[in-house]
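Input: a single structure, listed below in structure tokens.
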Amino acid sequence: MFLGAYKEIVLTDDNCSFYIYSATKEWSLFSGRPCDINPDLKGIHWDKQQQRFSATLYISEPNKYIVQGIFFGDFTGYDERFLAWHLEKTFYQKILIRQREQKLAIIQLMGAMNSTLKIKTLLQTIMDFAILAIPEIDRGFLMLFNHEIERLYTVASAGVTERIFDYAPHLGEGMAGYTFQTGVSGIYNYQETIEIMRNVSKFNLDALMEAVHLGRIENNTSMAVPITFNERKLGVMIVHQYTNKRAFQQSDLRLLESFASQAAVAIRNAEAYEEIERLNAYFVKQHEIHQIFIKLSLQNVQEMKIIHTTKELLQLDVQYVNLADRKTFLQQAQMDKLATINKEQLIDIGYIFPVGNEKETFGYLIIQGVEQLTSQQRMIIENAAMSLTLKSLQIQAAGQTNFKERFELFQQLISGRALLVDSRYDELGLDIKKPTFVVKFRLKHFSHKNSMQFIQHVQQYFKDQHFIFTQRETVVWVLQGDTAFRQKIKQQLTQAIISWVQFYHQQVAIGIGAVQDHLLKVAQSAEESKQALRQALRHTQKEDVVTIICYEELGINRLFSKQSEEELGQFIHDTLAPLYKLKDETLLETLRCYIHQNRSISKTASALHVHQNTLYHRLEKIEQLLDRDLHNPAHYLEIHLALHLSE
């Protein structure tokens with residue numbers, strides 16, 4: 001027997017030496033709990049002829065350990081108690097050495113954890129130091145849980161091949177899946193390991209067996225511990241033992257749990273660091289993007305420049321629907337759908353992002369080719385929307401300032417207080433000597449927003465005629481040109497406004513005053529446009545229509561333009577009330593037809609499909625009810641006017 005075959009020396013001096021050459025796993029390379037060797041050691045047996053001994057030792061579990069050894073030299077003078085003392089000393093020395101190695105490993109691990117925040121490097125370091133602190137570990141791997149695919153995946157390993165990275169168990173699958181699901185640590189012997197691995201898929205089992213260089217799993221013992229942080233499950237650590245060492249003990253499990261706790265802290269710190277880095281990068285990018293759009297706003301660029309910049313930053317197709325100018329590639333049905341949207345959402349025409357503030361919406365950004373915005377895309381679009389909103393508010397503010405100047409000048413003109421020479425004439429594009437006329441508009445659904453949109457639309461269509469403003473609920477437009485120009489404006493107005501009216505489902509009544517010789521006589525045209533507008537309002541009943549009436553078209557209605565609706569209604573009632581009270585409208589319709597047919601008996605009877613005698617009878621009845629003579633010019637005029645006004 002060669003001396004080199006003996007693993008642990010117990011005693012050596014000039015006379016003899018003792019070597020341990022065989023022992024149970026719990027003794028060999030012992031590490032773990034405080035223990036107590038029985039001082040009696042009555043279980044030591046000597047075979048002096050063969051120069052061998054065996055000892056049965058007991059610790060506080062109690063567990064029974066068998067130690068066998070061999071001695072060389074003269075054993076004279078040594079007794080069993082002396083040998084027991086040396087065995088006890090060796091036992092505790094190993095405990096102290098192991099504890100020192102474990103503490104050193106933990107101290108080194110703490111230093112390594114403070115040297116980097118790269119998660120994979122940290123977890124690999126933790127795995128390496130766990131094996132260093134627990135020499136009974138032959139191989140192991142550390143896995144984290146991916147919530148998207150609901151699988152565990154390996155991020156660090158030792159003593160296994162690259163195939164371990166193909167091993168990806170589900171919740172509850174195998175030792176790793178079970179430990180993660182239950183959150184319970186455990187030590188598993190060979191049979192228990194076989195049992196817990198029964199539900200592992202063939203793909204995962206093949207990957208695991210190839211990773212550990214085995215045709216089948218032959219571990220003597222295994223340990224599995226969950227990695228958790230504040231009850232949040234992060235992953236698991238799995239270690240195996242397959243060499244002839246002592247089995248894993250509870251002290252090893254507690255030590256491995258401490259390494260798992262360090263792994264949890266490392267993961268949380270790394271996540272926090274990555275989040276800080278991400279937020280820092282986000283804020284840096286946000287600042288860069290914000291500066292780009294701030295620069296555009298300060299340069300007072302047009303909307304198209306803002307949209308073009310947004311497209312370049314997003315690398316996506318972006319369209320902007322401005323509700324003020326109504327320039328859009330959308331159909332009416334799509335615009336109707338847009339009008340119902342007050343927050344970002346995905347619809348059939350793209351991802352819709354409203355542009356505006358709490359009070360009103362100025363338009364919509366339409367991003368195509370994306371179903372959900374990333375944080376950076378949202379950042380870009382929010383800044384673009386902010387710039388577009390600011391642009392719209394600037395236009396509104398400028399318009400309101402201009403409207404105020406125009407309104408004040410207009411008030412002076414119609415009151416006769418305007419000066420012959422005024423710098424505002426040139427500033428506002430007016431010539432005091434040119435023929436002038438006034439157009440007035442009334443929107444059925446009037447609001448500040450609607451009026452601004454309408455005015456902007458008119459200004460874009462008629463680019464050289466911008467003396468336009470709001471006066472109470474009326475839009476006033478002062479134009480300069482002769483009668484031919486006025487006729488041209490009338491013809492173009494319907495074409496220009498009908499698209500806006502249909503787009504916003506509005507009604508617009510328009511009154512046009514007569515052309516006056518020069519600007520200072522604009523008050524007359526303003527009054528005429530007011531009368532024409534009143535008549536246009538009486539004819540405007542349906543949505544999506546434009547009603548235009550010029551002052552000269554009023555005819556006889558000029559006589560009543562200054563009367564109130566109440567006065568006209570009372571006149572109609574006083575004249576035709578007896579006919580209105582009848583349940584049967586036959587007589588009222590007969591009277592209307594008779595007047596429309598210019599009091600022709602034959603034409604009226606033919607139109608009503610009645611005999612002339614029947615018509616004569618009805619007319620007599622009407623005269624009796626109204627107490628009027630239809631052949632009396634004054635009576636006939638009164639009845640005719642009442643019917644005309646009622647229509």
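By order of appearance in the structure tokens: chains A, B, ..., then residues from 1 within every chain, and ligands from 1 in the order shown.
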Tell me, as an mmCIF file with C-alpha atoms, in the first residue's frame, which residues lie within 10 Å of A:Tyr153, counting only C-alpha atoms; anything in the same chain fewer than 4 positions away does not count.
data_model
loop_
_atom_site.group_PDB
_atom_site.id
_atom_site.type_symbol
_atom_site.label_atom_id
_atom_site.label_comp_id
_atom_site.auth_asym_id
_atom_site.auth_seq_id
_atom_site.Cartn_x
_atom_site.Cartn_y
_atom_site.Cartn_z
ATOM 1 C CA PHE A 141 -26.640 26.785 -13.023
ATOM 2 C CA LEU A 142 -28.656 29.904 -12.252
ATOM 3 C CA MET A 143 -31.918 30.616 -14.045
ATOM 4 C CA LEU A 144 -34.197 33.667 -14.305
ATOM 5 C CA PHE A 145 -37.868 33.748 -15.237
ATOM 6 C CA ASN A 146 -39.091 35.356 -18.468
ATOM 7 C CA ILE A 164 -27.683 24.235 -20.582
ATOM 8 C CA PHE A 165 -28.783 27.450 -22.282
ATOM 9 C CA ASP A 166 -31.305 25.424 -24.312
ATOM 10 C CA TYR A 167 -32.892 24.123 -21.111
ATOM 11 C CA ALA A 168 -35.989 26.279 -20.531
ATOM 12 C CA PRO A 169 -38.611 24.708 -18.244
ATOM 13 C CA HIS A 170 -42.137 26.013 -17.716
ATOM 14 C CA ALA A 176 -36.243 24.249 -11.464
ATOM 15 C CA GLY A 235 -35.424 32.742 -10.620
ATOM 16 C CA VAL A 236 -33.738 29.665 -9.129
#
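In this comparison, which uses only C-alpha atoms, the residue of A:Gly186, A:Tyr178, A:Val508, A:Asp138 approaching A:Val160 most closely is A:Asp138.
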| task | Just the strand (DSSP E) stuff from stretch 184-360 of chain A, please, per backbone DSSP, written as JSON, numbers by chain. | result | {"A": [186, 187, 188, 189, 221, 222, 223, 224, 225, 226, 227, 228, 229, 232, 233, 234, 235, 236, 237, 238, 239, 240, 241, 317, 318, 319, 320, 321, 322, 345, 346, 347, 350, 351, 352, 353, 354, 355, 356]}
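Taking only C-alpha atoms into account, A:His505 lies nearest to A:Asp336 out of the set A:Glu210, A:Asp336, A:Glu257, A:Glu566.
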| Leaving out A:Ser392 and any residue of its chain fewer than 2 positions from it, which residues lie within 12 Å of it when counting only C-alpha atoms, given as a ChimeraX atom specification? | /A:297,300-303,322-325,355-357,360-363,385-390,394-399,449,452-453,456
| query | Hey, what does DSSP flag as helix (DSSP H, G or I) within stretch 279-401 of chain A? Can you give it to me as an NGL selection string? | reply | :A and (279-298 or 303-314 or 332-338 or 375-401)
| Neighbour list for A:Tyr425 as number ranges by chain, cut-off 9 Å, only C-alpha atoms, skip fewer than 6 positions in-chain | A: 409, 431-432
| Using only C-alpha atoms, which residues sit within 12 Å of stretch 514-525 of chain A once same-chain residues fewer than 2 positions away are excluded, as number ranges by chain? | A: 409-422, 425, 429-440, 476-487, 490, 511-512, 527-533, 549-554
Find the residues around stretch 224-231 of chain A up to 6 Å (only C-alpha atoms counted), leave out those fewer than 4 positions away in its own chain, and share them as a PDB file with N, CA and C atoms, in the first residue's frame.
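The result, stored in out_9.pdb:
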ATOM      1  N   PHE A 180     -39.271  27.242  -8.478  1.00  0.00           N
ATOM      2  CA  PHE A 180     -39.706  28.614  -8.759  1.00  0.00           C
ATOM      3  C   PHE A 180     -41.181  28.786  -8.439  1.00  0.00           C
ATOM      4  N   GLY A 183     -41.548  28.282  -4.481  1.00  0.00           N
ATOM      5  CA  GLY A 183     -40.725  29.167  -3.666  1.00  0.00           C
ATOM      6  C   GLY A 183     -40.107  28.468  -2.477  1.00  0.00           C
ATOM      7  N   SER A 185     -37.103  25.893  -0.905  1.00  0.00           N
ATOM      8  CA  SER A 185     -35.790  25.293  -1.114  1.00  0.00           C
ATOM      9  C   SER A 185     -35.852  23.811  -0.762  1.00  0.00           C
ATOM     10  N   GLY A 186     -34.899  23.056  -1.315  1.00  0.00           N
ATOM     11  CA  GLY A 186     -34.893  21.639  -1.000  1.00  0.00           C
ATOM     12  C   GLY A 186     -33.612  20.940  -1.382  1.00  0.00           C
ATOM     13  N   GLY A 235     -36.022  33.894  -9.944  1.00  0.00           N
ATOM     14  CA  GLY A 235     -35.424  32.742 -10.620  1.00  0.00           C
ATOM     15  C   GLY A 235     -35.087  31.654  -9.622  1.00  0.00           C
ATOM     16  N   VAL A 236     -34.153  30.780  -9.995  1.00  0.00           N
ATOM     17  CA  VAL A 236     -33.738  29.665  -9.129  1.00  0.00           C
ATOM     18  C   VAL A 236     -32.245  29.407  -9.308  1.00  0.00           C
ATOM     19  N   MET A 237     -31.637  28.766  -8.275  1.00  0.00           N
ATOM     20  CA  MET A 237     -30.277  28.220  -8.374  1.00  0.00           C
ATOM     21  C   MET A 237     -30.366  26.720  -8.169  1.00  0.00           C
ATOM     22  N   ILE A 238     -29.752  25.965  -9.059  1.00  0.00           N
ATOM     23  CA  ILE A 238     -29.732  24.504  -8.995  1.00  0.00           C
ATOM     24  C   ILE A 238     -28.271  24.046  -8.959  1.00  0.00           C
ATOM     25  N   ALA A 260     -28.252  32.872  -3.086  1.00  0.00           N
ATOM     26  CA  ALA A 260     -29.437  33.224  -3.867  1.00  0.00           C
ATOM     27  C   ALA A 260     -29.946  34.612  -3.471  1.00  0.00           C
ATOM     28  N   ALA A 264     -30.409  37.851  -5.766  1.00  0.00           N
ATOM     29  CA  ALA A 264     -31.615  38.681  -5.844  1.00  0.00           C
ATOM     30  C   ALA A 264     -31.277  40.162  -5.703  1.00  0.00           C
TER      31      ALA A 264
END
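Rounded to one decimal, atom CA of A:Leu234 and atom CA of A:Ile267 lie 8.3 Å from each other.
Our summary of the geometry notes that atom CA of A:Ile572 is positioned 4.8 Å from atom CA of A:Ala642.
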